[in-house]
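Quick look at structure.cif (mmCIF, C-alpha atoms and all ligand atoms):
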```
data_model
#
loop_
_atom_site.label_atom_id
_atom_site.label_comp_id
_atom_site.auth_asym_id
_atom_site.auth_seq_id
_atom_site.Cartn_x
_atom_site.Cartn_y
_atom_site.Cartn_z
CA MET A 28 -142.93 115.68 1.01
CA GLN A 29 -139.78 113.76 0.51
CA PHE A 30 -137.01 112.85 2.88
CA THR A 31 -133.77 111.04 2.49
CA MET A 32 -133.08 108.39 5.06
CA PRO A 33 -129.41 107.66 5.68
CA ALA A 34 -128.33 104.03 5.84
CA PHE A 35 -129.49 102.66 9.18
CA GLU A 36 -126.99 101.00 11.48
CA PRO A 37 -128.80 99.12 14.22
CA VAL A 38 -127.26 99.05 17.68
CA GLU A 39 -125.76 95.61 18.16
CA PRO A 40 -124.97 94.55 21.70
CA GLN A 41 -122.56 91.76 22.53
CA ILE A 42 -124.63 88.71 23.39
CA VAL A 43 -122.70 87.00 26.16
CA ALA A 44 -123.34 83.62 27.75
CA TRP A 45 -123.82 83.77 31.51
CA LYS A 46 -120.62 81.87 32.25
CA GLU A 47 -118.62 84.27 30.06
CA LEU A 48 -119.60 87.32 32.12
CA LEU A 49 -117.07 88.73 34.56
CA PRO A 50 -117.83 87.78 38.18
CA ASP A 51 -118.69 91.39 39.04
CA GLU A 52 -121.03 91.51 36.04
CA GLN A 53 -122.75 88.35 37.25
CA SER A 54 -123.17 89.88 40.70
CA LEU A 55 -124.69 93.02 39.25
CA VAL A 56 -127.09 91.08 37.02
CA MET A 57 -128.18 88.90 39.94
CA ALA A 58 -128.80 92.02 42.02
CA ALA A 59 -131.13 93.22 39.25
CA VAL A 60 -132.86 89.83 39.11
CA ARG A 61 -133.43 89.88 42.89
CA ALA A 62 -134.60 93.49 42.81
CA SER A 63 -137.38 92.63 40.37
CA ASP A 64 -139.10 90.73 43.20
CA ASP A 65 -139.73 94.09 44.88
CA ALA A 66 -141.62 95.57 41.92
CA TYR A 67 -145.02 97.12 42.56
CA CYS A 68 -146.73 96.52 39.23
CA PRO A 69 -150.35 95.43 39.80
CA TYR A 70 -151.50 97.10 36.56
CA SER A 71 -148.99 95.81 34.05
CA ASN A 72 -147.69 92.78 35.93
CA PHE A 73 -144.43 93.67 34.17
CA SER A 74 -141.81 93.54 36.89
CA VAL A 75 -138.40 95.00 36.24
CA GLY A 76 -135.28 95.04 38.37
CA ALA A 77 -132.25 97.26 37.93
CA ALA A 78 -128.85 97.45 39.58
CA ILE A 79 -126.20 100.12 39.28
CA CYS A 80 -122.61 99.98 40.45
CA ALA A 81 -121.57 103.51 41.30
CA ARG A 82 -118.62 105.27 42.90
CA ASN A 83 -118.53 108.01 45.47
CA LYS A 84 -116.27 110.72 44.09
CA ASN A 85 -114.93 111.75 47.49
CA SER A 86 -114.41 108.44 49.27
CA GLY A 87 -113.70 106.39 46.15
CA GLN A 88 -116.02 103.73 47.56
CA THR A 89 -118.10 101.71 45.10
CA LYS A 90 -121.47 100.24 45.92
CA ILE A 91 -124.38 98.52 44.20
CA PHE A 92 -127.80 100.17 44.27
CA THR A 93 -130.95 98.41 43.15
CA GLY A 94 -134.45 99.42 42.21
CA ALA A 95 -137.68 97.97 40.90
CA ASN A 96 -140.54 99.61 39.06
CA VAL A 97 -143.32 101.28 41.04
CA GLU A 98 -146.66 101.83 39.30
CA SER A 99 -149.58 104.08 40.16
CA ALA A 100 -153.36 103.84 39.80
CA ALA A 101 -152.95 106.96 37.68
CA TYR A 102 -151.38 104.71 35.09
CA PRO A 103 -149.08 105.38 33.18
CA LEU A 104 -147.59 107.45 35.98
CA GLY A 105 -144.95 105.50 37.81
CA ARG A 106 -141.24 105.01 38.18
CA CYS A 107 -138.95 102.76 36.24
CA ALA A 108 -136.68 100.30 38.00
CA GLU A 109 -133.63 102.10 36.63
CA GLY A 110 -134.98 105.44 37.81
CA ASN A 111 -135.38 104.15 41.34
CA ALA A 112 -131.88 102.66 41.38
CA ILE A 113 -130.45 105.91 40.00
CA GLY A 114 -132.24 107.90 42.69
CA LYS A 115 -130.81 105.74 45.46
CA ALA A 116 -127.27 105.97 44.11
CA VAL A 117 -127.36 109.70 43.53
CA ASN A 118 -129.00 110.47 46.88
CA ASP A 119 -126.26 108.39 48.51
CA HIS A 120 -123.66 110.55 46.71
CA HIS A 121 -122.48 107.69 44.49
CA ARG A 122 -122.64 109.75 41.33
CA ILE A 123 -120.10 108.12 39.05
CA PHE A 124 -121.68 105.13 37.37
CA LEU A 125 -119.49 102.15 36.49
CA ALA A 126 -122.03 99.61 35.23
CA ALA A 127 -125.77 98.94 35.13
CA ALA A 128 -127.93 95.85 34.77
CA VAL A 129 -131.60 95.44 33.89
CA TYR A 130 -133.87 92.43 34.16
CA CYS A 131 -137.42 92.24 32.80
CA LYS A 132 -139.03 89.11 34.07
CA LYS A 133 -141.63 88.93 31.32
CA ALA A 134 -139.66 90.25 28.39
CA PRO A 135 -136.02 89.32 28.37
CA GLY A 136 -134.23 90.34 25.22
CA ARG A 137 -134.32 93.58 23.33
CA ASN A 138 -137.72 94.49 24.68
CA GLY A 139 -136.13 94.90 28.07
CA THR A 140 -133.74 97.76 27.33
CA PRO A 141 -134.05 101.00 29.34
CA CYS A 142 -136.61 103.60 28.17
CA GLY A 143 -135.52 106.94 26.78
CA GLU A 144 -135.78 108.82 30.06
CA CYS A 145 -133.70 106.22 31.87
CA ARG A 146 -131.08 106.22 29.12
CA GLY A 147 -130.72 109.95 29.59
CA ASN A 148 -130.48 109.62 33.34
CA LEU A 149 -127.94 106.81 33.07
CA LEU A 150 -125.88 108.99 30.73
CA GLU A 151 -126.00 111.87 33.22
CA PHE A 152 -123.63 110.01 35.57
CA LYS A 153 -121.16 108.67 33.02
CA ILE A 154 -117.51 109.68 33.19
CA GLU A 155 -116.27 106.87 30.97
CA ASP A 156 -118.43 104.71 28.78
CA TYR A 157 -119.72 101.80 30.85
CA PRO A 158 -121.56 98.51 30.27
CA VAL A 159 -125.33 98.23 30.49
CA LEU A 160 -126.18 94.55 30.88
CA VAL A 161 -129.66 93.51 29.80
CA VAL A 162 -130.81 89.98 30.51
CA TYR A 163 -131.44 88.53 27.09
CA GLU A 164 -132.52 84.98 27.70
CA THR A 165 -133.47 83.03 30.81
CA ASP A 166 -134.22 79.46 31.76
CA ALA A 167 -137.69 78.36 32.87
CA ASN A 168 -137.00 79.66 36.38
CA GLY A 169 -135.96 83.11 35.17
CA PHE A 170 -132.25 82.51 35.75
CA PRO A 171 -130.16 84.42 33.17
CA LEU A 172 -128.64 82.31 30.41
CA MET A 173 -127.61 85.03 27.96
CA VAL A 174 -126.95 88.71 28.59
CA ALA A 175 -126.83 91.55 26.09
CA ARG A 176 -123.88 93.81 26.89
CA TYR A 177 -124.52 97.31 25.56
CA THR A 178 -122.67 100.42 26.59
CA ILE A 179 -124.44 103.58 27.68
CA GLU A 180 -122.95 105.39 24.68
CA GLN A 181 -124.53 102.79 22.40
CA LEU A 182 -127.91 103.22 24.04
CA MET A 183 -127.74 107.02 24.14
CA PRO A 184 -125.41 108.26 21.41
CA ASP A 185 -124.76 112.00 21.39
CA GLY A 186 -127.12 112.39 24.33
CA PHE A 187 -127.56 115.66 26.16
CA CYS A 188 -125.39 115.42 29.27
CA PRO A 189 -123.46 117.58 31.76
CA ALA A 190 -120.66 118.07 29.21
CA SER A 191 -123.24 119.66 26.88
CA LEU A 192 -123.41 122.48 29.42
CA GLY A 193 -119.70 122.45 30.19
CA MET A 194 -120.40 120.81 33.53
CA LEU A 195 -118.53 118.02 35.32
CA VAL A 196 -120.24 114.70 36.00
CA GLY A 197 -121.23 113.72 39.49
CA SER A 198 -120.90 117.12 41.13
ZN ZN B 1 -137.25 103.99 32.20
#
```
Could you spell out this file's structure in structure tokens?
Ligand SMILES: [Zn+2]
Amino acid sequence: MQFTMPAFEPVEPQIVAWKELLPDEQSLVMAAVRASDDAYCPYSNFSVGAAICARNKNSGQTKIFTGANVESAAYPLGRCAEGNAIGKAVNDHHRIFLAAAVYCKKAPGRNGTPCGECRGNLLEFKIEDYPVLVVYETDANGFPLMVARYTIEQLMPDGFCPASLGMLVGS
């Protein structure tokens, strides 16, 4: 068999120094850092924190929701940090996402980007493209020094989403 592989364009995030982030971005990243302390991960010891800033379509109110990963003895069953944050936001009727942040204590950098399922679920609540901030480098205490700023469209290009079915986001 033979296949032709088109030229590959890797996804390049903006790598931003902590002090160059917008204040609201810093707040969101720190919420993800703090959330990672709540991880239940006795099997992998790989704690992850996530934070999502989301808007309520009716009230216009914006709020930050956080989550951490929750593992199960029936490993690999479990929930991602992003999935838990998404669940909280959506159940609280904040279904328009404005920004997300992810922090992997053990693996800052490109290893800490959201998994495929979470990318799809983050895309589900996008009206306009929004930043996904992934802690890229930390100091010895785990404080973020560099952050990779992706967008959800970068992480999930041409993803299946409500518009694929002619639906509105955040209904
Ligand atoms: Zn995930």
Under the rule of at most 7 Å, produce a per-residue listing of chain A near ligand ZN 1 (chain B): chain, number, name, the closest pair of atoms, and the distance in Å, as CSV, using all atoms listed in the file.
```
residue,atom,partner,partner_atom,distance
A:Cys107,CA,B:ZN1,ZN,4.6
A:Ala108,CA,B:ZN1,ZN,6.9
A:Glu109,CA,B:ZN1,ZN,6.0
A:Gly110,CA,B:ZN1,ZN,6.2
A:Pro141,CA,B:ZN1,ZN,5.2
A:Cys142,CA,B:ZN1,ZN,4.1
A:Gly143,CA,B:ZN1,ZN,6.4
A:Glu144,CA,B:ZN1,ZN,5.5
A:Cys145,CA,B:ZN1,ZN,4.2
```
Open item on the list: Using all atoms listed in the file, can you tell me which of A:Leu192, A:Ala95, A:Met173, A:Val56 comes closest to Ala127 in chain A?
Closed with: A:Val56
- [ ] Scan for residues within 9 Å of the point (-129.5, 84.4, 28.4) in the coordinates of the file, using only C-alpha atoms, and reply as a list of chain:residue names.
- [x]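 Within the cut-off we find A:Ile42, A:Val43, A:Ala44, A:Trp45, A:Pro135, A:Gly136, A:Val162, A:Tyr163, A:Glu164, A:Thr165, A:Asp166, A:Phe170, A:Pro171, A:Leu172, A:Met173, A:Val174, A:Ala175.
In this comparison, which uses all atoms listed in the file, the residue of A:Gln29, A:Asn148, A:Ser86, A:Thr140 approaching Ile113 in chain A most closely is A:Asn148.
If you measure from each of A:Phe152, A:Tyr177, A:Tyr157, A:Tyr130 to Ser63 in chain A using only C-alpha atoms, the closest one turns out to be A:Tyr130.
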Open item on the list: Using Å and a single decimal, report how far CA of Ala78 in chain A sits from CA of Ala190 in chain A.
Closed with: 24.5 Å
